[in-house]
file coords_9.cif (mmCIF, C-alpha atoms)
data_my_file
#
loop_
_atom_site.label_atom_id
_atom_site.label_comp_id
_atom_site.auth_asym_id
_atom_site.auth_seq_id
_atom_site.Cartn_x
_atom_site.Cartn_y
_atom_site.Cartn_z
CA MET A 1 0.64 -11.04 6.21
CA ASP A 2 3.22 -13.11 4.42
CA ALA A 3 2.94 -13.02 0.65
CA PRO A 4 5.01 -14.51 -2.14
CA SER A 5 7.19 -12.26 -4.26
CA THR A 6 6.20 -10.95 -7.67
CA TYR A 7 8.87 -11.04 -10.37
CA VAL A 8 9.29 -8.69 -13.30
CA THR A 9 11.91 -8.30 -16.01
CA MET A 10 13.55 -4.89 -15.97
CA PRO A 11 14.65 -3.12 -19.17
CA VAL A 12 18.27 -3.97 -18.38
CA GLY A 13 17.39 -7.66 -18.58
CA VAL A 14 17.76 -8.33 -14.87
CA THR A 15 15.08 -10.40 -13.16
CA VAL A 16 13.99 -8.52 -10.04
CA SER A 17 11.59 -9.31 -7.23
CA TYR A 18 9.92 -6.27 -5.73
CA PHE A 19 9.93 -8.13 -2.42
CA SER A 20 13.34 -9.86 -2.50
CA PHE A 21 16.57 -9.15 -4.32
CA GLU A 22 20.24 -8.47 -3.73
CA LEU A 23 21.64 -5.10 -4.70
CA ASP A 24 23.64 -5.32 -7.88
CA PRO A 25 25.28 -2.70 -10.12
CA ALA A 26 22.96 -3.83 -12.91
CA LEU A 27 20.04 -2.47 -10.89
CA ALA A 28 21.25 1.08 -11.31
CA ALA A 29 18.62 1.51 -14.02
CA ASP A 30 15.82 0.15 -11.82
CA PRO A 31 13.17 2.93 -11.74
CA VAL A 32 12.09 1.87 -8.25
CA PHE A 33 15.55 2.59 -6.85
CA ASP A 34 15.87 5.76 -8.92
CA LEU A 35 12.66 7.13 -7.41
CA HIS A 36 13.63 6.26 -3.84
CA LYS A 37 17.15 7.68 -3.94
CA HIS A 38 17.55 10.21 -1.08
CA GLY A 39 13.96 9.57 -0.03
CA LYS A 40 10.58 10.72 -1.33
CA MET A 41 9.81 13.81 0.76
CA GLU A 42 11.21 16.98 2.25
CA ILE A 43 10.22 19.82 4.60
CA ALA A 44 9.27 23.09 2.89
CA LEU A 45 8.85 26.61 4.26
CA THR A 46 5.41 28.21 4.56
CA VAL A 47 6.78 31.70 5.35
CA PRO A 48 9.36 33.92 3.63
CA LEU A 49 12.91 33.86 4.99
CA ALA A 50 14.85 36.23 2.75
CA SER A 51 15.57 39.26 4.93
CA ARG A 52 16.56 40.33 8.44
CA ASP A 53 12.95 41.28 9.11
CA HIS A 54 11.83 37.80 8.10
CA LEU A 55 14.40 36.27 10.45
CA SER A 56 13.32 38.45 13.35
CA LEU A 57 9.68 37.46 12.85
CA ALA A 58 10.15 33.73 12.20
CA TYR A 59 12.89 33.25 14.78
CA THR A 60 14.37 35.51 17.43
CA PRO A 61 13.22 37.84 18.81
CA GLY A 62 9.68 37.49 17.42
CA VAL A 63 9.24 33.80 18.12
CA ALA A 64 9.64 34.41 21.85
CA ARG A 65 6.36 36.33 21.94
CA VAL A 66 4.53 33.34 20.48
CA CYS A 67 6.19 31.01 23.00
CA GLU A 68 5.12 33.27 25.87
CA ALA A 69 1.54 33.37 24.58
CA ILE A 70 1.36 29.56 24.32
CA ALA A 71 2.89 29.17 27.78
CA ALA A 72 0.12 31.40 29.14
CA ASP A 73 -2.65 29.71 27.13
CA GLN A 74 -2.07 26.14 25.88
CA GLU A 75 -5.15 26.38 23.65
CA LEU A 76 -3.14 28.63 21.33
CA TYR A 77 -0.66 25.83 20.60
CA PRO A 78 -2.38 24.33 17.52
CA ASP A 79 -3.14 27.79 16.11
CA TYR A 80 0.45 29.00 16.10
CA THR A 81 2.39 25.81 15.28
CA TRP A 82 2.16 23.24 12.52
CA THR A 83 0.86 20.55 14.89
CA ALA A 84 -2.80 21.04 13.98
CA ASN A 85 -2.09 19.72 10.49
CA THR A 86 0.67 17.20 11.25
CA VAL A 87 0.50 13.47 11.91
CA ALA A 88 3.18 11.04 13.10
CA VAL A 89 3.39 7.87 11.00
CA VAL A 90 4.76 5.39 13.54
CA THR A 91 6.00 1.84 13.03
CA ASP A 92 8.25 -0.68 14.72
CA GLY A 93 8.92 -2.52 11.45
CA SER A 94 7.34 -5.74 12.69
CA ALA A 95 4.72 -6.35 9.96
CA VAL A 96 5.73 -4.40 6.86
CA LEU A 97 3.72 -5.13 3.71
CA GLY A 98 4.20 -8.81 2.92
CA LEU A 99 7.77 -8.71 4.16
CA GLY A 100 7.10 -9.41 7.81
CA ASN A 101 9.42 -8.30 10.61
CA ILE A 102 12.12 -6.41 8.69
CA GLY A 103 12.90 -3.82 11.35
CA PRO A 104 12.72 -0.02 11.55
CA LYS A 105 15.32 0.98 8.94
CA ALA A 106 13.94 -1.27 6.23
CA ALA A 107 10.44 0.01 7.03
CA MET A 108 11.31 3.66 6.38
CA PRO A 109 10.60 3.64 2.60
CA VAL A 110 7.06 2.47 3.32
CA MET A 111 6.54 5.11 6.01
CA GLU A 112 7.84 7.80 3.65
CA GLY A 113 5.35 6.50 1.10
CA LYS A 114 2.54 6.78 3.63
CA SER A 115 3.55 10.34 4.40
CA ILE A 116 3.46 11.49 0.80
CA LEU A 117 0.02 9.91 0.38
CA PHE A 118 -1.17 11.90 3.40
CA LYS A 119 0.09 15.09 1.77
CA GLN A 120 -1.06 14.47 -1.77
CA PHE A 121 -4.56 13.18 -1.02
CA GLY A 122 -5.44 14.86 2.27
CA GLY A 123 -3.24 17.93 2.50
CA VAL A 124 -1.95 16.52 5.80
CA ASP A 125 1.70 16.96 6.78
CA SER A 126 3.30 13.93 8.41
CA ILE A 127 6.61 12.69 9.74
CA PRO A 128 7.64 9.03 9.35
CA ILE A 129 8.96 7.63 12.64
CA CYS A 130 10.52 4.16 12.80
CA LEU A 131 11.05 3.05 16.39
CA ASP A 132 13.91 0.72 17.31
CA THR A 133 11.84 -1.26 19.80
CA GLN A 134 9.09 -3.84 19.54
CA ASP A 135 8.26 -3.75 23.20
CA VAL A 136 4.69 -2.61 23.89
CA GLU A 137 5.70 -0.50 26.87
CA GLY A 138 8.55 1.07 24.93
CA ILE A 139 6.35 1.96 21.96
CA VAL A 140 3.60 3.41 24.13
CA ALA A 141 6.10 5.47 26.12
CA ALA A 142 7.86 6.76 22.99
CA VAL A 143 4.65 7.80 21.25
CA LYS A 144 3.27 9.47 24.38
CA ALA A 145 6.52 11.40 24.79
CA MET A 146 6.45 12.72 21.20
CA ALA A 147 2.68 13.31 21.04
CA PRO A 148 2.85 17.06 21.83
CA SER A 149 4.59 17.53 18.46
CA PHE A 150 1.62 16.21 16.49
CA GLY A 151 -2.10 16.59 15.91
CA GLY A 152 -2.62 12.86 15.37
CA ILE A 153 -0.89 9.47 15.45
CA ASN A 154 -1.10 6.99 12.57
CA LEU A 155 0.17 3.57 13.66
CA GLU A 156 1.47 1.50 10.79
CA ASP A 157 2.74 -2.02 10.16
CA ILE A 158 2.81 -3.15 13.81
CA SER A 159 2.12 -6.85 14.19
CA ALA A 160 -0.87 -8.38 15.95
CA PRO A 161 -1.75 -8.88 18.72
CA ARG A 162 0.54 -6.14 20.09
CA CYS A 163 -1.05 -3.57 17.78
CA PHE A 164 -4.40 -3.89 19.56
CA GLU A 165 -3.01 -3.05 23.00
CA ILE A 166 -0.77 -0.28 21.68
CA GLU A 167 -3.64 1.47 19.92
CA ARG A 168 -6.06 0.96 22.82
CA ARG A 169 -3.67 2.41 25.37
CA LEU A 170 -2.58 5.36 23.27
CA ASP A 171 -6.16 6.21 22.36
CA ALA A 172 -7.10 6.20 26.06
CA GLU A 173 -4.09 8.22 27.21
CA LEU A 174 -3.77 10.87 24.48
CA ASP A 175 -6.16 13.68 23.57
CA ILE A 176 -5.42 13.46 19.84
CA PRO A 177 -6.63 10.90 17.27
CA VAL A 178 -4.81 7.55 17.24
CA PHE A 179 -5.53 5.33 14.23
CA HIS A 180 -3.98 1.99 13.26
CA ASP A 181 -4.49 2.10 9.51
CA ASP A 182 -3.78 -1.59 8.90
CA GLN A 183 -6.86 -2.29 10.99
CA HIS A 184 -9.28 0.52 10.41
CA GLY A 185 -8.33 1.84 6.98
CA THR A 186 -8.81 -1.60 5.50
CA ALA A 187 -12.08 -2.04 7.41
CA VAL A 188 -13.47 1.32 6.25
CA VAL A 189 -12.83 0.62 2.56
CA THR A 190 -14.11 -2.95 2.90
CA LEU A 191 -17.35 -1.67 4.40
CA ALA A 192 -17.75 0.88 1.61
CA ALA A 193 -17.20 -1.77 -1.06
CA LEU A 194 -19.55 -4.26 0.59
CA ARG A 195 -22.33 -1.68 0.95
CA ASN A 196 -22.14 -0.92 -2.76
CA ALA A 197 -21.87 -4.58 -3.75
CA ALA A 198 -24.98 -5.41 -1.74
CA LYS A 199 -26.81 -2.45 -3.28
CA LEU A 200 -25.83 -3.49 -6.79
CA LEU A 201 -27.01 -7.06 -6.20
CA GLY A 202 -30.23 -5.99 -4.51
CA ARG A 203 -29.26 -7.68 -1.27
CA ARG A 204 -30.18 -6.49 2.23
CA PHE A 205 -26.88 -5.58 3.87
CA GLY A 206 -27.81 -6.82 7.33
CA ASP A 207 -28.75 -10.28 6.05
CA LEU A 208 -25.43 -11.09 4.38
CA ARG A 209 -23.66 -14.24 5.56
CA VAL A 210 -19.99 -13.30 5.78
CA VAL A 211 -16.80 -15.35 6.10
CA ILE A 212 -13.58 -13.53 6.98
CA SER A 213 -10.36 -15.41 6.26
CA GLY A 214 -7.74 -13.96 8.57
CA ALA A 215 -7.91 -12.94 12.23
CA GLY A 216 -5.02 -10.51 12.36
CA ALA A 217 -5.25 -6.74 12.63
CA ALA A 218 -7.33 -6.25 9.47
CA GLY A 219 -9.59 -9.26 10.01
CA VAL A 220 -10.47 -8.24 13.56
CA ALA A 221 -11.19 -4.63 12.55
CA ILE A 222 -13.28 -5.66 9.54
CA THR A 223 -15.35 -7.98 11.71
CA ARG A 224 -16.04 -5.29 14.26
CA MET A 225 -16.86 -2.67 11.65
CA LEU A 226 -19.23 -4.86 9.64
CA ILE A 227 -21.14 -5.73 12.80
CA ALA A 228 -21.21 -2.07 13.87
CA ALA A 229 -22.59 -1.18 10.43
CA GLY A 230 -25.46 -3.66 10.64
CA ILE A 231 -24.26 -7.15 9.71
CA ASP A 232 -25.68 -9.73 12.14
CA GLY A 233 -22.73 -11.13 14.09
CA ALA A 234 -24.48 -14.47 14.27
CA ASN A 235 -23.95 -14.74 10.50
CA VAL A 236 -20.24 -13.87 10.56
CA ILE A 237 -17.62 -16.63 10.63
CA ILE A 238 -13.92 -15.87 11.08
CA CYS A 239 -11.13 -18.28 10.20
CA ASP A 240 -7.55 -18.14 11.39
CA SER A 241 -4.68 -20.47 10.50
CA ARG A 242 -6.24 -23.21 12.67
CA GLY A 243 -9.73 -23.01 11.24
CA ILE A 244 -13.05 -21.54 12.27
CA ILE A 245 -13.05 -19.42 15.42
CA HIS A 246 -15.74 -20.70 17.79
CA ALA A 247 -16.41 -20.49 21.50
CA GLU A 248 -15.34 -24.10 22.21
CA ARG A 249 -11.78 -23.66 20.98
CA GLY A 250 -9.27 -23.70 23.82
CA ASP A 251 -6.43 -21.94 22.00
CA LEU A 252 -7.97 -18.50 21.50
CA THR A 253 -6.22 -15.26 22.39
CA PRO A 254 -8.31 -12.73 24.34
CA ILE A 255 -9.10 -10.85 21.13
CA LYS A 256 -10.21 -14.02 19.35
CA ALA A 257 -12.22 -15.13 22.38
CA GLU A 258 -14.04 -11.80 22.25
CA LEU A 259 -14.82 -12.40 18.57
CA ALA A 260 -16.02 -15.93 19.29
CA ALA A 261 -18.54 -14.56 21.77
CA THR A 262 -20.18 -12.30 19.18
CA THR A 263 -19.87 -14.27 15.93
CA ASN A 264 -20.62 -17.75 14.55
CA LEU A 265 -23.47 -18.24 17.00
CA SER A 266 -24.42 -21.48 15.25
CA GLY A 267 -21.11 -22.91 16.51
CA ARG A 268 -19.87 -24.10 13.13
CA THR A 269 -16.48 -25.83 13.26
CA GLY A 270 -13.90 -26.98 10.74
CA GLY A 271 -11.77 -25.12 8.23
CA ILE A 272 -12.33 -22.53 5.54
CA ALA A 273 -14.20 -25.01 3.33
CA GLN A 274 -16.78 -25.65 6.06
CA ALA A 275 -17.01 -21.92 6.81
CA LEU A 276 -17.81 -21.06 3.20
CA ILE A 277 -20.73 -23.45 2.80
CA GLY A 278 -23.69 -21.23 1.93
CA ALA A 279 -21.79 -17.98 2.50
CA ASP A 280 -22.74 -14.84 0.57
CA VAL A 281 -19.47 -13.01 1.15
CA LEU A 282 -15.80 -14.00 1.46
CA VAL A 283 -13.39 -11.36 2.76
CA GLY A 284 -9.78 -12.51 2.50
CA VAL A 285 -7.12 -10.74 4.57
CA SER A 286 -4.91 -13.71 5.38
CA GLY A 287 -2.52 -14.26 2.50
CA GLY A 288 -3.37 -17.96 2.60
CA LEU A 289 -4.58 -19.43 -0.67
CA ILE A 290 -8.13 -20.84 -0.66
CA GLU A 291 -8.88 -23.87 -2.79
CA GLU A 292 -11.42 -23.56 -5.59
CA SER A 293 -13.39 -26.46 -4.13
CA ALA A 294 -13.95 -24.42 -0.97
CA VAL A 295 -15.09 -21.34 -2.90
CA ALA A 296 -17.50 -23.51 -4.87
CA GLY A 297 -19.46 -24.09 -1.65
CA MET A 298 -20.56 -20.44 -1.47
CA ALA A 299 -24.11 -19.40 -2.27
CA PRO A 300 -24.51 -18.50 -5.97
CA GLY A 301 -24.09 -14.90 -7.08
CA GLY A 302 -22.07 -13.86 -4.06
CA ILE A 303 -19.23 -11.46 -3.32
CA ILE A 304 -15.51 -12.21 -2.99
CA PHE A 305 -12.98 -9.69 -1.69
CA ALA A 306 -9.59 -11.43 -1.97
CA MET A 307 -7.31 -8.70 -0.65
CA ALA A 308 -3.95 -10.35 -0.02
CA ASN A 309 -1.28 -8.55 -2.01
CA PRO A 310 0.35 -9.35 -4.37
CA THR A 311 -1.27 -12.82 -4.50
CA PRO A 312 -5.01 -12.81 -3.70
CA GLU A 313 -6.41 -15.68 -1.61
CA VAL A 314 -8.56 -16.59 -4.61
CA ALA A 315 -7.35 -15.82 -8.13
CA PRO A 316 -9.77 -13.38 -9.80
CA ALA A 317 -10.41 -15.75 -12.69
CA ILE A 318 -11.54 -18.43 -10.24
CA ALA A 319 -13.46 -15.97 -8.06
CA HIS A 320 -15.50 -14.79 -11.04
CA LYS A 321 -16.69 -18.36 -11.63
CA TYR A 322 -18.52 -18.35 -8.29
CA ALA A 323 -19.18 -14.71 -7.42
CA ALA A 324 -21.05 -11.86 -9.09
CA ILE A 325 -18.68 -9.21 -7.71
CA VAL A 326 -14.95 -9.59 -7.10
CA ALA A 327 -12.46 -7.18 -5.51
CA THR A 328 -8.76 -7.46 -4.69
CA GLY A 329 -6.01 -5.38 -3.11
CA ARG A 330 -4.23 -4.97 -6.45
CA SER A 331 -4.27 -1.96 -8.75
CA ASP A 332 -4.21 -4.07 -11.92
CA PHE A 333 -7.69 -5.51 -11.31
CA PRO A 334 -11.01 -3.70 -10.97
CA ASN A 335 -12.32 -2.82 -7.49
CA GLN A 336 -9.07 -2.26 -5.63
CA ILE A 337 -9.63 -2.19 -1.85
CA ASN A 338 -7.01 0.45 -1.11
CA ASN A 339 -6.51 2.18 2.24
CA VAL A 340 -5.59 5.42 0.51
CA LEU A 341 -9.31 5.90 -0.06
CA ALA A 342 -9.72 6.23 3.70
CA PHE A 343 -6.86 7.48 5.84
CA PRO A 344 -6.10 10.86 4.18
CA GLY A 345 -9.72 12.00 4.43
CA ILE A 346 -10.23 10.51 7.89
CA PHE A 347 -7.30 12.45 9.33
CA ARG A 348 -8.19 15.57 7.32
CA GLY A 349 -11.66 15.59 8.88
CA ALA A 350 -10.41 14.75 12.37
CA LEU A 351 -7.76 17.46 12.25
CA ASP A 352 -10.18 20.06 10.86
CA VAL A 353 -12.34 19.79 14.00
CA ARG A 354 -9.41 18.94 16.30
CA ALA A 355 -11.04 15.69 17.33
CA THR A 356 -9.78 14.00 20.48
CA THR A 357 -10.28 10.50 19.08
CA ILE A 358 -11.62 8.63 16.04
CA THR A 359 -14.91 6.95 16.93
CA GLU A 360 -16.64 4.00 15.31
CA ASN A 361 -19.26 6.41 13.94
CA MET A 362 -16.52 8.45 12.28
CA LYS A 363 -15.19 5.32 10.59
CA VAL A 364 -18.64 4.26 9.41
CA ALA A 365 -19.25 7.80 8.14
CA ALA A 366 -16.01 7.58 6.18
CA ALA A 367 -17.10 4.28 4.62
CA ASP A 368 -20.50 5.69 3.68
CA ALA A 369 -18.85 8.72 2.08
CA ILE A 370 -16.50 6.52 0.01
CA ALA A 371 -19.43 4.40 -1.12
CA ALA A 372 -21.47 7.46 -2.06
CA VAL A 373 -18.80 8.82 -4.41
CA VAL A 374 -19.63 6.12 -6.97
CA SER A 375 -23.23 5.41 -5.94
CA ASP A 376 -24.64 6.80 -9.19
CA ASP A 377 -22.24 4.87 -11.40
CA LEU A 378 -22.18 1.46 -9.79
CA SER A 379 -21.19 -1.59 -11.78
CA ALA A 380 -19.68 -4.95 -10.98
CA ASP A 381 -16.28 -3.50 -11.87
CA ALA A 382 -16.74 -0.18 -10.02
CA ILE A 383 -17.99 -0.65 -6.45
CA VAL A 384 -15.36 1.74 -5.02
CA PRO A 385 -13.78 4.87 -6.48
CA SER A 386 -10.29 4.98 -7.89
CA PRO A 387 -7.65 5.93 -5.32
CA LEU A 388 -6.88 8.88 -7.62
CA ASP A 389 -10.47 10.18 -7.67
CA PRO A 390 -10.23 13.78 -6.37
CA ARG A 391 -13.75 13.64 -4.90
CA VAL A 392 -12.88 11.04 -2.28
CA ALA A 393 -10.83 12.87 0.36
CA PRO A 394 -13.11 15.96 0.54
CA ALA A 395 -16.19 13.75 0.88
CA VAL A 396 -14.58 11.60 3.56
CA SER A 397 -13.21 14.54 5.53
CA ALA A 398 -16.57 16.32 5.59
CA ALA A 399 -18.38 13.17 6.74
CA VAL A 400 -15.78 12.44 9.43
CA ALA A 401 -15.85 16.01 10.74
CA ALA A 402 -19.66 15.93 10.98
CA ALA A 403 -19.58 12.58 12.79
CA ALA A 404 -16.97 13.89 15.23
CA GLN A 405 -19.26 16.78 16.09
CA ALA A 406 -22.24 14.46 16.48
CA ASP A 407 -20.22 12.20 18.80
CA GLY A 408 -19.03 15.12 20.92
CA VAL A 409 -15.31 14.60 20.25
CA ALA A 410 -14.76 17.76 18.17
CA ARG A 411 -13.09 20.75 19.80
CA ARG A 412 -14.08 23.24 17.12
CA PRO A 413 -16.68 23.46 14.32
CA ALA A 414 -15.84 22.07 10.91
CA PRO A 415 -14.97 24.64 8.25
CA VAL A 416 -17.90 25.43 5.96
CA ALA A 417 -15.78 24.40 2.98
CA PRO A 418 -12.70 22.56 4.31
CA GLU A 419 -9.58 23.71 2.55
CA GLN A 420 -7.86 20.85 0.78
CA ARG A 421 -4.22 21.70 1.30
CA SER A 422 -2.89 19.04 -1.05
CA ALA A 423 -0.51 20.20 -3.74
CA PRO A 424 1.88 18.55 -6.19
CA LEU A 425 5.02 17.42 -4.43
CA SER A 426 8.21 19.19 -5.44
CA ARG A 427 11.68 17.71 -5.42
#
call {"tool": "encode", "arguments": {"input": "coords_9.cif", "output": "structure tokens"}}
result
Amino acid sequence: MDAPSTYVTMPVGVTVSYFSFELDPALAADPVFDLHKHGKMEIALTVPLASRDHLSLAYTPGVARVCEAIAADQELYPDYTWTANTVAVVTDGSAVLGLGNIGPKAAMPVMEGKSILFKQFGGVDSIPICLDTQDVEGIVAAVKAMAPSFGGINLEDISAPRCFEIERRLDAELDIPVFHDDQHGTAVVTLAALRNAAKLLGRRFGDLRVVISGAGAAGVAITRMLIAAGIDGANVIICDSRGIIHAERGDLTPIKAELAATTNLSGRTGGIAQALIGADVLVGVSGGLIEESAVAGMAPGGIIFAMANPTPEVAPAIAHKYAAIVATGRSDFPNQINNVLAFPGIFRGALDVRATTITENMKVAAADAIAAVVSDDLSADAIVPSPLDPRVAPAVSAAVAAAAQADGVARRPAPVAPEQRSAPLSR
């Protein structure tokens, strides 16, 4: 989603936009650039390599015995390589943050960031991979070709609608989990937050009337997940840049046509203002600002999740005038809807049982686990845990592993007490 830049004044007196600036010698003191210099991650050894004996075990001649064993029995592969705990973080640079299509090289700092979050919060190793193609066939072929090197594939910052086909095809053709975090991570945390908001307000979850502003990757995934979790699709209205999605529109993509068939069964038409009349919930994932007059049409005491970052669709001060509970995608306001609550634990759980895919039930289980972490301490300003809460990833991973077993996609039992392999990063 496109989003305007946020400007700050650095200690050196230079005005800098986090999203747009020219390199200048005066920025040498910029702490953002200082932190990113030479990258944010490295590969570390897990075995000693200080003697001839170590060399002969880790490399030749010892390694040949392991290769022969794997060649004879492919099931040994994840036990004797790092693949069982390693994920590829794959992008084509086409939809990076609020920057848009900036290409693979400019996307690398974000992919490195994703990788260190995997390690720190889920104990999952990952490799950032930025592909120099935006062709669907090229991306699918490249990921399939590299898949044997990994235990899972995390797709990242790939623009809609190509992202839907890429994920669908890879999920069907690979026997390891494939997860587009921009879709499903956002949807999982949104579901967790909405469950707790409804609980706090004493509302029946399935009766909520929901408007989703944005029909890109996140909006589509949120719609599907909320319906899968019990929201009545008849009471869900989705808006794109041209207004309400309904079955009579002749300009719908196949994905939007599919949504039109299962939502907005009253056939409401118009724009976001018409969609919000009487709504209990607004979920914003569009980046487009929503006028206060439109928000004023919502039912009293509702819920607003304005998640565009850095500029929410509805300013929190305005949202609080019309809603009892407000969340954003920003860390400087309460109730941050942050994907880091979801993806480290989801992959940790999937890898622990060597799942072949990530099912809808696994995603719902992840959302329920996130919601449960703060269920005893709910307040209007605390409907989701902090991204730094150490209870989150273990709870999510255990729930995901159990759901994988229940759905029959696990290839081994979950550990009784899954080891959390996260550790402080060293550089």
call {"tool": "resolve_selection", "arguments": {"input": "coords_9.cif", "expression": "the PyMOL selection byres ((chain A and resi 84) around 12)", "output": "PyMOL selection string"}}
result
chain A and resi 75-83+85-88+123-126+147-153+176-177+347-356+411-412
call {"tool": "residues_around", "arguments": {"input": "coords_9.cif", "residues": "Pro334 (chain A)", "least_positions_apart": "5", "cutoff": "9 Å", "atoms": "all atoms listed in the file", "output": "list in words"}}
result
Val326, Ala327, Thr328, Ala380, Asp381, Ala382 and Ile383 of chain A
call {"tool": "resolve_selection", "arguments": {"input": "coords_9.cif", "expression": "the PyMOL selection byres ((chain A and resi 225-242) around 6)", "output": "list in words"}}
result
Gly206, Arg209, Val210, Val211, Ile212, Ser213, Gly214, Ala215, Ile222, Thr223, Arg224, Gly243, Ile244, Ile245, Thr262, Thr263, Asn264 and Leu265 of chain A
call {"tool": "residues_around", "arguments": {"input": "coords_9.cif", "residues": "region 109-118 of chain A", "least_positions_apart": "6", "cutoff": "9 Å", "atoms": "only C-alpha atoms", "output": "list in words"}}
result
His36, Gly39, Lys40, Met41, Val87, Ala88, Val89, Val90, Thr91, Val96, Leu97, Val124, Asp125, Ser126, Ile127, Pro128, Ile129, Cys130, Glu156, Val340, Phe343, Pro344, Gly345, Phe347, Arg348, Ser422 and Leu425 of chain A
call {"tool": "resolve_selection", "arguments": {"input": "coords_9.cif", "expression": "the PyMOL selection byres ((chain A and resi 167) around 12)", "output": "PyMOL selection string"}}
result
chain A and resi 90-91+136-137+139-140+143-144+153-156+158-166+168-174+177-184+217+357-358
call {"tool": "write_last_selection", "arguments": {"input": "coords_9.cif", "atoms": "C-alpha atoms", "output": "PDB file, in the frame of the given file"}}
result
ATOM      1  CA  VAL A  90       4.760   5.390  13.540  1.00  0.00           C
ATOM      2  CA  THR A  91       6.000   1.840  13.030  1.00  0.00           C
ATOM      3  CA  VAL A 136       4.690  -2.610  23.890  1.00  0.00           C
ATOM      4  CA  GLU A 137       5.700  -0.500  26.870  1.00  0.00           C
ATOM      5  CA  ILE A 139       6.350   1.960  21.960  1.00  0.00           C
ATOM      6  CA  VAL A 140       3.600   3.410  24.130  1.00  0.00           C
ATOM      7  CA  VAL A 143       4.650   7.800  21.250  1.00  0.00           C
ATOM      8  CA  LYS A 144       3.270   9.470  24.380  1.00  0.00           C
ATOM      9  CA  ILE A 153      -0.890   9.470  15.450  1.00  0.00           C
ATOM     10  CA  ASN A 154      -1.100   6.990  12.570  1.00  0.00           C
ATOM     11  CA  LEU A 155       0.170   3.570  13.660  1.00  0.00           C
ATOM     12  CA  GLU A 156       1.470   1.500  10.790  1.00  0.00           C
ATOM     13  CA  ILE A 158       2.810  -3.150  13.810  1.00  0.00           C
ATOM     14  CA  SER A 159       2.120  -6.850  14.190  1.00  0.00           C
ATOM     15  CA  ALA A 160      -0.870  -8.380  15.950  1.00  0.00           C
ATOM     16  CA  PRO A 161      -1.750  -8.880  18.720  1.00  0.00           C
ATOM     17  CA  ARG A 162       0.540  -6.140  20.090  1.00  0.00           C
ATOM     18  CA  CYS A 163      -1.050  -3.570  17.780  1.00  0.00           C
ATOM     19  CA  PHE A 164      -4.400  -3.890  19.560  1.00  0.00           C
ATOM     20  CA  GLU A 165      -3.010  -3.050  23.000  1.00  0.00           C
ATOM     21  CA  ILE A 166      -0.770  -0.280  21.680  1.00  0.00           C
ATOM     22  CA  ARG A 168      -6.060   0.960  22.820  1.00  0.00           C
ATOM     23  CA  ARG A 169      -3.670   2.410  25.370  1.00  0.00           C
ATOM     24  CA  LEU A 170      -2.580   5.360  23.270  1.00  0.00           C
ATOM     25  CA  ASP A 171      -6.160   6.210  22.360  1.00  0.00           C
ATOM     26  CA  ALA A 172      -7.100   6.200  26.060  1.00  0.00           C
ATOM     27  CA  GLU A 173      -4.090   8.220  27.210  1.00  0.00           C
ATOM     28  CA  LEU A 174      -3.770  10.870  24.480  1.00  0.00           C
ATOM     29  CA  PRO A 177      -6.630  10.900  17.270  1.00  0.00           C
ATOM     30  CA  VAL A 178      -4.810   7.550  17.240  1.00  0.00           C
ATOM     31  CA  PHE A 179      -5.530   5.330  14.230  1.00  0.00           C
ATOM     32  CA  HIS A 180      -3.980   1.990  13.260  1.00  0.00           C
ATOM     33  CA  ASP A 181      -4.490   2.100   9.510  1.00  0.00           C
ATOM     34  CA  ASP A 182      -3.780  -1.590   8.900  1.00  0.00           C
ATOM     35  CA  GLN A 183      -6.860  -2.290  10.990  1.00  0.00           C
ATOM     36  CA  HIS A 184      -9.280   0.520  10.410  1.00  0.00           C
ATOM     37  CA  ALA A 217      -5.250  -6.740  12.630  1.00  0.00           C
ATOM     38  CA  THR A 357     -10.280  10.500  19.080  1.00  0.00           C
ATOM     39  CA  ILE A 358     -11.620   8.630  16.040  1.00  0.00           C
TER      40      ILE A 358
END
call {"tool": "atom_distance", "arguments": {"input": "coords_9.cif", "atom1": "CA of Val384 (chain A)", "atom2": "CA of Ala299 (chain A)"}}
result
23.0 Å
call {"tool": "atom_distance", "arguments": {"input": "coords_9.cif", "atom1": "CA of Gly100 (chain A)", "atom2": "CA of Asn339 (chain A)"}}
result
18.7 Å
call {"tool": "atom_distance", "arguments": {"input": "coords_9.cif", "atom1": "CA of Gly270 (chain A)", "atom2": "CA of Asp207 (chain A)"}}
result
22.8 Å
call {"tool": "axis_aligned_box", "arguments": {"input": "coords_9.cif", "around": "region 76-92 of chain A", "padding_each_side": "3 Å", "output": "lines of an AutoDock Vina configuration file"}}
result
center_x = 2.6
center_y = 14.2
center_z = 15.9
size_x = 17.4
size_y = 35.7
size_z = 16.8
call {"tool": "residues_around", "arguments": {"input": "coords_9.cif", "residues": "Glu292 (chain A)", "least_positions_apart": "3", "cutoff": "9 Å", "atoms": "all atoms listed in the file", "output": "list in words"}}
result
Val295, Ala296, Gly297, Val314, Ile318 and Ala319 of chain A
call {"tool": "residues_near_point", "arguments": {"input": "coords_9.cif", "point": "(-26.1, -10.1, -1.7)", "cutoff": "8 Å", "atoms": "only C-alpha atoms", "output": "JSON, numbers by chain"}}
result
{"A": [197, 198, 199, 201, 202, 203, 204, 205, 208, 280, 281, 301, 302, 303]}
